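**Student:** My questions all concern the structure below.
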Amino acid sequence: QSGRIELNFLALSMWLWGGMLYIWMMSLIFYRYTFFRFSPADLSPPYWINMGAMAISTLAGSQLILNAPDAPFLLSLLPFLKGFTVFYWATGTWWIPMLVVLAVWRHGVMRFPLRYDPLYWGAVFPLGMYAAGTHHLIEALALPFLGFLPWLFLYIALASWAVTFTGFLIDAGRRVSTFAASGASRSPR
């Protein structure tokens, strides 16, 4: 029993530390968005990781809420835990349409080429984590009206994984054929 209290205290401390780090990082990102011009090349797929960080924080907060019976000090913090968990979820949710609009701007308006980049894997994981975090939020706060979101984002994550993996295979095929062609042109006849 006492081991659970220590682990829950460590989890709470790390959750709070991560939240503070996120707030600092987002301040810098919004400062850049607001006061500096950025090109389509600047808007790289790792921006999705910001949404994933909020999804992970939602999952962790939900677990703290669910673990409250095993750590009495968490019971006294339940309103705070619930509020910040919803705050993290809402922030992650807000990132999604913003990132979609910025992706349309990048590739549709600015005509930035859409080709495979290993950084796109940084967009796949956050989508799956959003599904998992939302699923646990629903469980922790009894919010059944959000029940469609985990399934929707599971399918979106699987589709984005498939598209990214297909891009990887096409890119690898091109590299292999280019390497084979350059090797054949160098071989003595």
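Identifiers in the structure tokens: chain A, B, ... in order shown; residue index from 1 per chain; ligand index from 1 in order shown.
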Looking only at the backbone, which of the residues in chain A does DSSP tag as alpha helix (DSSP H), as an MDAnalysis selection string?
**Tutor:** chainID A and resid 2:35 48:67 72:76 78:104 121:141 148:186
**Student:** Compile the contact shell of Ala132 in chain A as JSON, numbers by chain: residues with an atom at most 10 Å away, counting only C-alpha atoms, same-chain residues fewer than 4 positions apart removed.
**Tutor:** {"A": [55, 56, 58, 59, 126, 127, 128, 136, 137, 149, 150, 151, 153, 154]}
**Student:** Please, could you write that set of residues out with all heavy atoms as a JSON list (two decimals), in the first residue's frame?
**Tutor:**
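Printed below is selection_34.json as written:
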```json
[["chain", "number", "residue", "atom", "x", "y", "z"],
["A", 55, "ALA", "N", -2.14, 14.95, -25.09],
["A", 55, "ALA", "CA", -2.84, 13.67, -25.00],
["A", 55, "ALA", "C", -2.23, 12.78, -23.93],
["A", 55, "ALA", "O", -2.94, 12.13, -23.15],
["A", 55, "ALA", "CB", -2.82, 12.97, -26.36],
["A", 56, "ILE", "N", -0.89, 12.76, -23.85],
["A", 56, "ILE", "CA", -0.21, 11.99, -22.82],
["A", 56, "ILE", "C", -0.55, 12.55, -21.44],
["A", 56, "ILE", "O", -0.78, 11.79, -20.49],
["A", 56, "ILE", "CB", 1.31, 11.97, -23.06],
["A", 56, "ILE", "CG1", 1.63, 11.14, -24.31],
["A", 56, "ILE", "CG2", 2.07, 11.45, -21.85],
["A", 56, "ILE", "CD1", 3.05, 11.27, -24.80],
["A", 58, "THR", "N", -3.26, 14.11, -20.65],
["A", 58, "THR", "CA", -4.65, 13.72, -20.39],
["A", 58, "THR", "C", -4.70, 12.29, -19.86],
["A", 58, "THR", "O", -5.40, 12.00, -18.88],
["A", 58, "THR", "CB", -5.49, 13.84, -21.67],
["A", 58, "THR", "OG1", -5.48, 15.19, -22.11],
["A", 58, "THR", "CG2", -6.92, 13.39, -21.44],
["A", 59, "LEU", "N", -3.97, 11.41, -20.50],
["A", 59, "LEU", "CA", -3.91, 10.01, -20.06],
["A", 59, "LEU", "C", -3.36, 9.91, -18.64],
["A", 59, "LEU", "O", -3.94, 9.22, -17.79],
["A", 59, "LEU", "CB", -3.06, 9.20, -21.03],
["A", 59, "LEU", "CG", -2.83, 7.73, -20.67],
["A", 59, "LEU", "CD1", -4.13, 6.96, -20.61],
["A", 59, "LEU", "CD2", -1.87, 7.09, -21.66],
["A", 126, "PRO", "N", 0.99, 10.92, -32.04],
["A", 126, "PRO", "CA", 0.05, 11.76, -31.27],
["A", 126, "PRO", "C", -1.42, 11.48, -31.57],
["A", 126, "PRO", "O", -2.26, 11.59, -30.68],
["A", 126, "PRO", "CB", 0.44, 13.18, -31.68],
["A", 126, "PRO", "CG", 1.88, 13.08, -32.05],
["A", 126, "PRO", "CD", 2.01, 11.74, -32.71],
["A", 127, "LEU", "N", -1.74, 11.10, -32.79],
["A", 127, "LEU", "CA", -3.14, 10.79, -33.12],
["A", 127, "LEU", "C", -3.61, 9.56, -32.34],
["A", 127, "LEU", "O", -4.72, 9.55, -31.80],
["A", 127, "LEU", "CB", -3.29, 10.57, -34.62],
["A", 127, "LEU", "CG", -3.10, 11.83, -35.47],
["A", 127, "LEU", "CD1", -2.95, 11.46, -36.94],
["A", 127, "LEU", "CD2", -4.25, 12.79, -35.27],
["A", 128, "GLY", "N", -2.77, 8.54, -32.28],
["A", 128, "GLY", "CA", -3.12, 7.36, -31.49],
["A", 128, "GLY", "C", -3.18, 7.66, -30.00],
["A", 128, "GLY", "O", -4.05, 7.17, -29.28],
["A", 136, "HIS", "N", -9.38, 7.17, -21.81],
["A", 136, "HIS", "CA", -9.21, 7.15, -20.35],
["A", 136, "HIS", "C", -9.88, 8.35, -19.68],
["A", 136, "HIS", "O", -10.35, 8.23, -18.54],
["A", 136, "HIS", "CB", -7.72, 7.07, -20.00],
["A", 136, "HIS", "CG", -7.16, 5.71, -20.25],
["A", 136, "HIS", "ND1", -7.29, 4.68, -19.34],
["A", 136, "HIS", "CD2", -6.50, 5.20, -21.30],
["A", 136, "HIS", "CE1", -6.72, 3.60, -19.83],
["A", 136, "HIS", "NE2", -6.23, 3.89, -21.03],
["A", 137, "LEU", "N", -9.94, 9.47, -20.36],
["A", 137, "LEU", "CA", -10.66, 10.63, -19.83],
["A", 137, "LEU", "C", -12.14, 10.29, -19.65],
["A", 137, "LEU", "O", -12.74, 10.62, -18.63],
["A", 137, "LEU", "CB", -10.51, 11.83, -20.76],
["A", 137, "LEU", "CG", -11.29, 13.08, -20.38],
["A", 137, "LEU", "CD1", -10.59, 13.83, -19.25],
["A", 137, "LEU", "CD2", -11.48, 14.00, -21.58],
["A", 149, "LEU", "N", -15.13, 9.71, -30.02],
["A", 149, "LEU", "CA", -13.81, 10.26, -30.35],
["A", 149, "LEU", "C", -12.68, 9.24, -30.32],
["A", 149, "LEU", "O", -11.85, 9.23, -31.24],
["A", 149, "LEU", "CB", -13.48, 11.43, -29.43],
["A", 149, "LEU", "CG", -14.13, 12.76, -29.79],
["A", 149, "LEU", "CD1", -13.84, 13.81, -28.73],
["A", 149, "LEU", "CD2", -13.66, 13.24, -31.15],
["A", 150, "PRO", "N", -12.58, 8.37, -29.30],
["A", 150, "PRO", "CA", -11.46, 7.41, -29.34],
["A", 150, "PRO", "C", -11.49, 6.52, -30.58],
["A", 150, "PRO", "O", -10.44, 6.28, -31.19],
["A", 150, "PRO", "CB", -11.65, 6.59, -28.05],
["A", 150, "PRO", "CG", -12.42, 7.48, -27.15],
["A", 150, "PRO", "CD", -13.31, 8.29, -28.04],
["A", 151, "TRP", "N", -12.67, 6.07, -30.98],
["A", 151, "TRP", "CA", -12.76, 5.23, -32.17],
["A", 151, "TRP", "C", -12.42, 6.00, -33.42],
["A", 151, "TRP", "O", -11.70, 5.52, -34.30],
["A", 151, "TRP", "CB", -14.16, 4.59, -32.27],
["A", 151, "TRP", "CG", -14.35, 3.55, -31.23],
["A", 151, "TRP", "CD1", -15.10, 3.66, -30.09],
["A", 151, "TRP", "CD2", -13.76, 2.25, -31.20],
["A", 151, "TRP", "NE1", -15.02, 2.51, -29.36],
["A", 151, "TRP", "CE2", -14.20, 1.62, -30.02],
["A", 151, "TRP", "CE3", -12.90, 1.56, -32.05],
["A", 151, "TRP", "CZ2", -13.80, 0.33, -29.68],
["A", 151, "TRP", "CZ3", -12.51, 0.28, -31.71],
["A", 151, "TRP", "CH2", -12.97, -0.32, -30.53],
["A", 153, "PHE", "N", -10.50, 8.63, -33.73],
["A", 153, "PHE", "CA", -9.07, 8.92, -33.82],
["A", 153, "PHE", "C", -8.22, 7.67, -33.91],
["A", 153, "PHE", "O", -7.11, 7.72, -34.44],
["A", 153, "PHE", "CB", -8.64, 9.85, -32.67],
["A", 153, "PHE", "CG", -8.88, 11.28, -33.04],
["A", 153, "PHE", "CD1", -10.10, 11.87, -32.79],
["A", 153, "PHE", "CD2", -7.91, 12.00, -33.71],
["A", 153, "PHE", "CE1", -10.34, 13.17, -33.18],
["A", 153, "PHE", "CE2", -8.14, 13.30, -34.10],
["A", 153, "PHE", "CZ", -9.36, 13.90, -33.83],
["A", 154, "LEU", "N", -8.74, 6.55, -33.46],
["A", 154, "LEU", "CA", -8.04, 5.29, -33.70],
["A", 154, "LEU", "C", -7.97, 5.03, -35.20],
["A", 154, "LEU", "O", -6.90, 4.72, -35.74],
["A", 154, "LEU", "CB", -8.73, 4.13, -32.99],
["A", 154, "LEU", "CG", -8.16, 2.74, -33.31],
["A", 154, "LEU", "CD1", -6.72, 2.62, -32.84],
["A", 154, "LEU", "CD2", -9.03, 1.67, -32.71]]
```
**Student:** Could you name the residues that touch Ser57 in chain A at 7 Å or less, counting only C-alpha atoms, but leaving out those on the same chain fewer than 4 positions away, as an NGL selection string?
**Tutor:** :A and (15 or 53 or 61 or 88)
**Student:** Using all heavy atoms, can you write the selected residues to a file as a PDB file, in the first residue's frame?
**Tutor:**
```pdb
ATOM      1  N   TRP A  15       3.750  14.735 -13.556  1.00  0.00           N
ATOM      2  CA  TRP A  15       2.630  15.280 -14.340  1.00  0.00           C
ATOM      3  C   TRP A  15       2.614  16.800 -14.229  1.00  0.00           C
ATOM      4  O   TRP A  15       2.461  17.500 -15.231  1.00  0.00           O
ATOM      5  CB  TRP A  15       1.337  14.657 -13.831  1.00  0.00           C
ATOM      6  CG  TRP A  15       0.088  15.028 -14.548  1.00  0.00           C
ATOM      7  CD1 TRP A  15      -0.271  14.687 -15.820  1.00  0.00           C
ATOM      8  CD2 TRP A  15      -1.007  15.784 -14.022  1.00  0.00           C
ATOM      9  NE1 TRP A  15      -1.523  15.184 -16.109  1.00  0.00           N
ATOM     10  CE2 TRP A  15      -2.000  15.856 -15.022  1.00  0.00           C
ATOM     11  CE3 TRP A  15      -1.250  16.390 -12.786  1.00  0.00           C
ATOM     12  CZ2 TRP A  15      -3.199  16.517 -14.835  1.00  0.00           C
ATOM     13  CZ3 TRP A  15      -2.446  17.052 -12.597  1.00  0.00           C
ATOM     14  CH2 TRP A  15      -3.415  17.112 -13.622  1.00  0.00           C
ATOM     15  N   ALA A  53       1.712  15.629 -26.622  1.00  0.00           N
ATOM     16  CA  ALA A  53       2.078  15.883 -25.227  1.00  0.00           C
ATOM     17  C   ALA A  53       0.839  16.137 -24.380  1.00  0.00           C
ATOM     18  O   ALA A  53       0.734  15.663 -23.243  1.00  0.00           O
ATOM     19  CB  ALA A  53       3.034  17.078 -25.150  1.00  0.00           C
ATOM     20  N   GLY A  61      -3.257  12.280 -16.282  1.00  0.00           N
ATOM     21  CA  GLY A  61      -4.206  12.866 -15.336  1.00  0.00           C
ATOM     22  C   GLY A  61      -5.377  11.945 -15.070  1.00  0.00           C
ATOM     23  O   GLY A  61      -5.837  11.807 -13.920  1.00  0.00           O
ATOM     24  N   TYR A  88      -5.857  19.915 -20.203  1.00  0.00           N
ATOM     25  CA  TYR A  88      -4.901  19.275 -21.120  1.00  0.00           C
ATOM     26  C   TYR A  88      -5.628  18.688 -22.331  1.00  0.00           C
ATOM     27  O   TYR A  88      -5.185  18.826 -23.462  1.00  0.00           O
ATOM     28  CB  TYR A  88      -4.116  18.175 -20.412  1.00  0.00           C
ATOM     29  CG  TYR A  88      -3.116  18.668 -19.399  1.00  0.00           C
ATOM     30  CD1 TYR A  88      -2.855  17.934 -18.248  1.00  0.00           C
ATOM     31  CD2 TYR A  88      -2.405  19.852 -19.584  1.00  0.00           C
ATOM     32  CE1 TYR A  88      -1.927  18.363 -17.316  1.00  0.00           C
ATOM     33  CE2 TYR A  88      -1.480  20.290 -18.648  1.00  0.00           C
ATOM     34  CZ  TYR A  88      -1.238  19.536 -17.528  1.00  0.00           C
ATOM     35  OH  TYR A  88      -0.319  19.967 -16.606  1.00  0.00           O
TER      36      TYR A  88
END
```
**Student:** Can you list, as a PyMOL selection string, every protein, DNA or RNA residue that comes within 12 Å of Met26 in chain A when you count only C-alpha atoms, leaving out same-chain residues fewer than 2 positions away?
**Tutor:** chain A and resi 19-24+28-34+47+49-51+53-54+91-92+95
**Student:** Take the residues just selected and output them with C-alpha atoms as a JSON list (two decimals), in the first residue's frame.
**Tutor:**
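Output saved as out-v7.json:
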```json
[["chain", "number", "residue", "atom", "x", "y", "z"],
["A", 19, "GLY", "CA", 2.53, 20.58, -17.52],
["A", 20, "MET", "CA", 4.73, 23.50, -16.49],
["A", 21, "LEU", "CA", 7.30, 22.60, -19.15],
["A", 22, "TYR", "CA", 4.52, 22.45, -21.75],
["A", 23, "ILE", "CA", 3.24, 25.91, -20.78],
["A", 24, "TRP", "CA", 6.76, 27.33, -21.15],
["A", 28, "LEU", "CA", 7.75, 30.23, -27.02],
["A", 29, "ILE", "CA", 5.90, 28.62, -29.94],
["A", 30, "PHE", "CA", 3.12, 31.20, -29.83],
["A", 31, "TYR", "CA", 5.69, 33.96, -29.56],
["A", 32, "ARG", "CA", 7.26, 32.64, -32.77],
["A", 33, "TYR", "CA", 3.85, 32.31, -34.49],
["A", 34, "THR", "CA", 2.94, 35.86, -33.52],
["A", 47, "TYR", "CA", 4.40, 20.28, -34.38],
["A", 49, "ILE", "CA", 4.07, 16.29, -30.96],
["A", 50, "ASN", "CA", 2.66, 19.28, -29.04],
["A", 51, "MET", "CA", -0.81, 17.78, -29.39],
["A", 53, "ALA", "CA", 2.08, 15.88, -25.23],
["A", 54, "MET", "CA", -1.37, 17.08, -24.21],
["A", 91, "THR", "CA", -5.69, 22.08, -25.33],
["A", 92, "GLY", "CA", -4.78, 18.93, -27.27],
["A", 95, "TRP", "CA", -4.31, 21.81, -31.57]]
```
**Student:** Measuring atom to atom with only C-alpha atoms, identify which of A:Val100, A:Ile138, A:Leu81, A:Ile170 is nearest to Leu64 in chain A.
**Tutor:**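 Going through A:Val100, A:Ile138, A:Leu81, A:Ile170 one by one, the smallest distance to Leu64 in chain A is for A:Leu81.
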**Student:** Give me, as a Markdown table, each residue of range 84-133 of chain A that comes within 12 Å of range 69-79 of chain A, together with its shortest interatomic pair and the distance in Å at one decimal, counting only C-alpha atoms, with rows ordered by chain and rising residue number.
**Tutor:**
```
| residue | atom | partner | partner_atom | distance |
| --- | --- | --- | --- | --- |
| A:Phe84 | CA | A:Pro79 | CA | 8.6 |
| A:Thr85 | CA | A:Pro79 | CA | 9.8 |
| A:Val86 | CA | A:Pro79 | CA | 10.7 |
```
**Student:** Work out how far CA of Leu102 in chain A is from CA of Pro40 in chain A, in Å to one decimal.
**Tutor:** 8.9 Å
**Student:** Enter the distance from CA of Tyr155 in chain A to CA of Leu141 in chain A, in Å, rounded to one decimal.
**Tutor:** 23.4 Å
**Student:** Can you tell me how far CA of Thr134 in chain A sits from CA of Val104 in chain A, in Å to one decimal?
**Tutor:** 25.2 Å
**Student:** Using only C-alpha atoms, which of A:Arg115, A:Arg175, A:His135, A:Arg106 sits nearest Phe38 in chain A?
**Tutor:**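 With only C-alpha atoms as the atom set, the closest residue is A:Arg106.
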**Student:** If we count only C-alpha atoms and set the cut-off at 8 Å, which residues sit around Phe125 in chain A, ignoring sequence neighbours fewer than 3 positions away in its own chain? Please answer as a PDB file with all heavy atoms, in the first residue's frame.
**Tutor:**
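Saved as part-v7.pdb:
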```pdb
ATOM      1  N   GLY A  52       0.349  15.671 -29.046  1.00  0.00           N
ATOM      2  CA  GLY A  52       0.591  14.393 -28.380  1.00  0.00           C
ATOM      3  C   GLY A  52       0.977  14.559 -26.923  1.00  0.00           C
ATOM      4  O   GLY A  52       0.606  13.741 -26.076  1.00  0.00           O
ATOM      5  N   TRP A 121       6.363  10.466 -38.984  1.00  0.00           N
ATOM      6  CA  TRP A 121       6.030   9.521 -37.909  1.00  0.00           C
ATOM      7  C   TRP A 121       5.713  10.277 -36.619  1.00  0.00           C
ATOM      8  O   TRP A 121       4.985   9.779 -35.764  1.00  0.00           O
ATOM      9  CB  TRP A 121       7.171   8.521 -37.700  1.00  0.00           C
ATOM     10  CG  TRP A 121       7.286   7.564 -38.832  1.00  0.00           C
ATOM     11  CD1 TRP A 121       8.259   7.527 -39.783  1.00  0.00           C
ATOM     12  CD2 TRP A 121       6.369   6.517 -39.169  1.00  0.00           C
ATOM     13  NE1 TRP A 121       8.014   6.513 -40.679  1.00  0.00           N
ATOM     14  CE2 TRP A 121       6.858   5.872 -40.321  1.00  0.00           C
ATOM     15  CE3 TRP A 121       5.182   6.046 -38.613  1.00  0.00           C
ATOM     16  CZ2 TRP A 121       6.210   4.804 -40.928  1.00  0.00           C
ATOM     17  CZ3 TRP A 121       4.545   4.981 -39.206  1.00  0.00           C
ATOM     18  CH2 TRP A 121       5.051   4.372 -40.342  1.00  0.00           C
ATOM     19  N   GLY A 122       6.257  11.487 -36.493  1.00  0.00           N
ATOM     20  CA  GLY A 122       5.956  12.321 -35.331  1.00  0.00           C
ATOM     21  C   GLY A 122       4.529  12.827 -35.306  1.00  0.00           C
ATOM     22  O   GLY A 122       4.068  13.340 -34.290  1.00  0.00           O
ATOM     23  N   GLY A 128      -2.774   8.542 -32.285  1.00  0.00           N
ATOM     24  CA  GLY A 128      -3.120   7.359 -31.492  1.00  0.00           C
ATOM     25  C   GLY A 128      -3.179   7.662 -30.004  1.00  0.00           C
ATOM     26  O   GLY A 128      -4.045   7.167 -29.283  1.00  0.00           O
ATOM     27  N   MET A 129      -2.255   8.508 -29.540  1.00  0.00           N
ATOM     28  CA  MET A 129      -2.245   8.871 -28.123  1.00  0.00           C
ATOM     29  C   MET A 129      -3.474   9.700 -27.771  1.00  0.00           C
ATOM     30  O   MET A 129      -4.019   9.584 -26.672  1.00  0.00           O
ATOM     31  CB  MET A 129      -0.960   9.630 -27.791  1.00  0.00           C
ATOM     32  CG  MET A 129      -0.800   9.952 -26.325  1.00  0.00           C
ATOM     33  SD  MET A 129      -1.041   8.555 -25.178  1.00  0.00           S
ATOM     34  CE  MET A 129       0.272   7.479 -25.646  1.00  0.00           C
ATOM     35  N   ALA A 157      -5.655   7.535 -36.822  1.00  0.00           N
ATOM     36  CA  ALA A 157      -4.255   7.166 -36.543  1.00  0.00           C
ATOM     37  C   ALA A 157      -3.824   5.986 -37.406  1.00  0.00           C
ATOM     38  O   ALA A 157      -2.713   5.985 -37.953  1.00  0.00           O
ATOM     39  CB  ALA A 157      -4.081   6.837 -35.060  1.00  0.00           C
TER      40      ALA A 157
END
```
**Student:** Which is closest to Phe87 in chain A among A:Ser62, A:Asn67, A:Asn8, A:Ser27, if we use only C-alpha atoms?
**Tutor:**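 Using only C-alpha atoms, Phe87 in chain A sits closest to A:Ser62.
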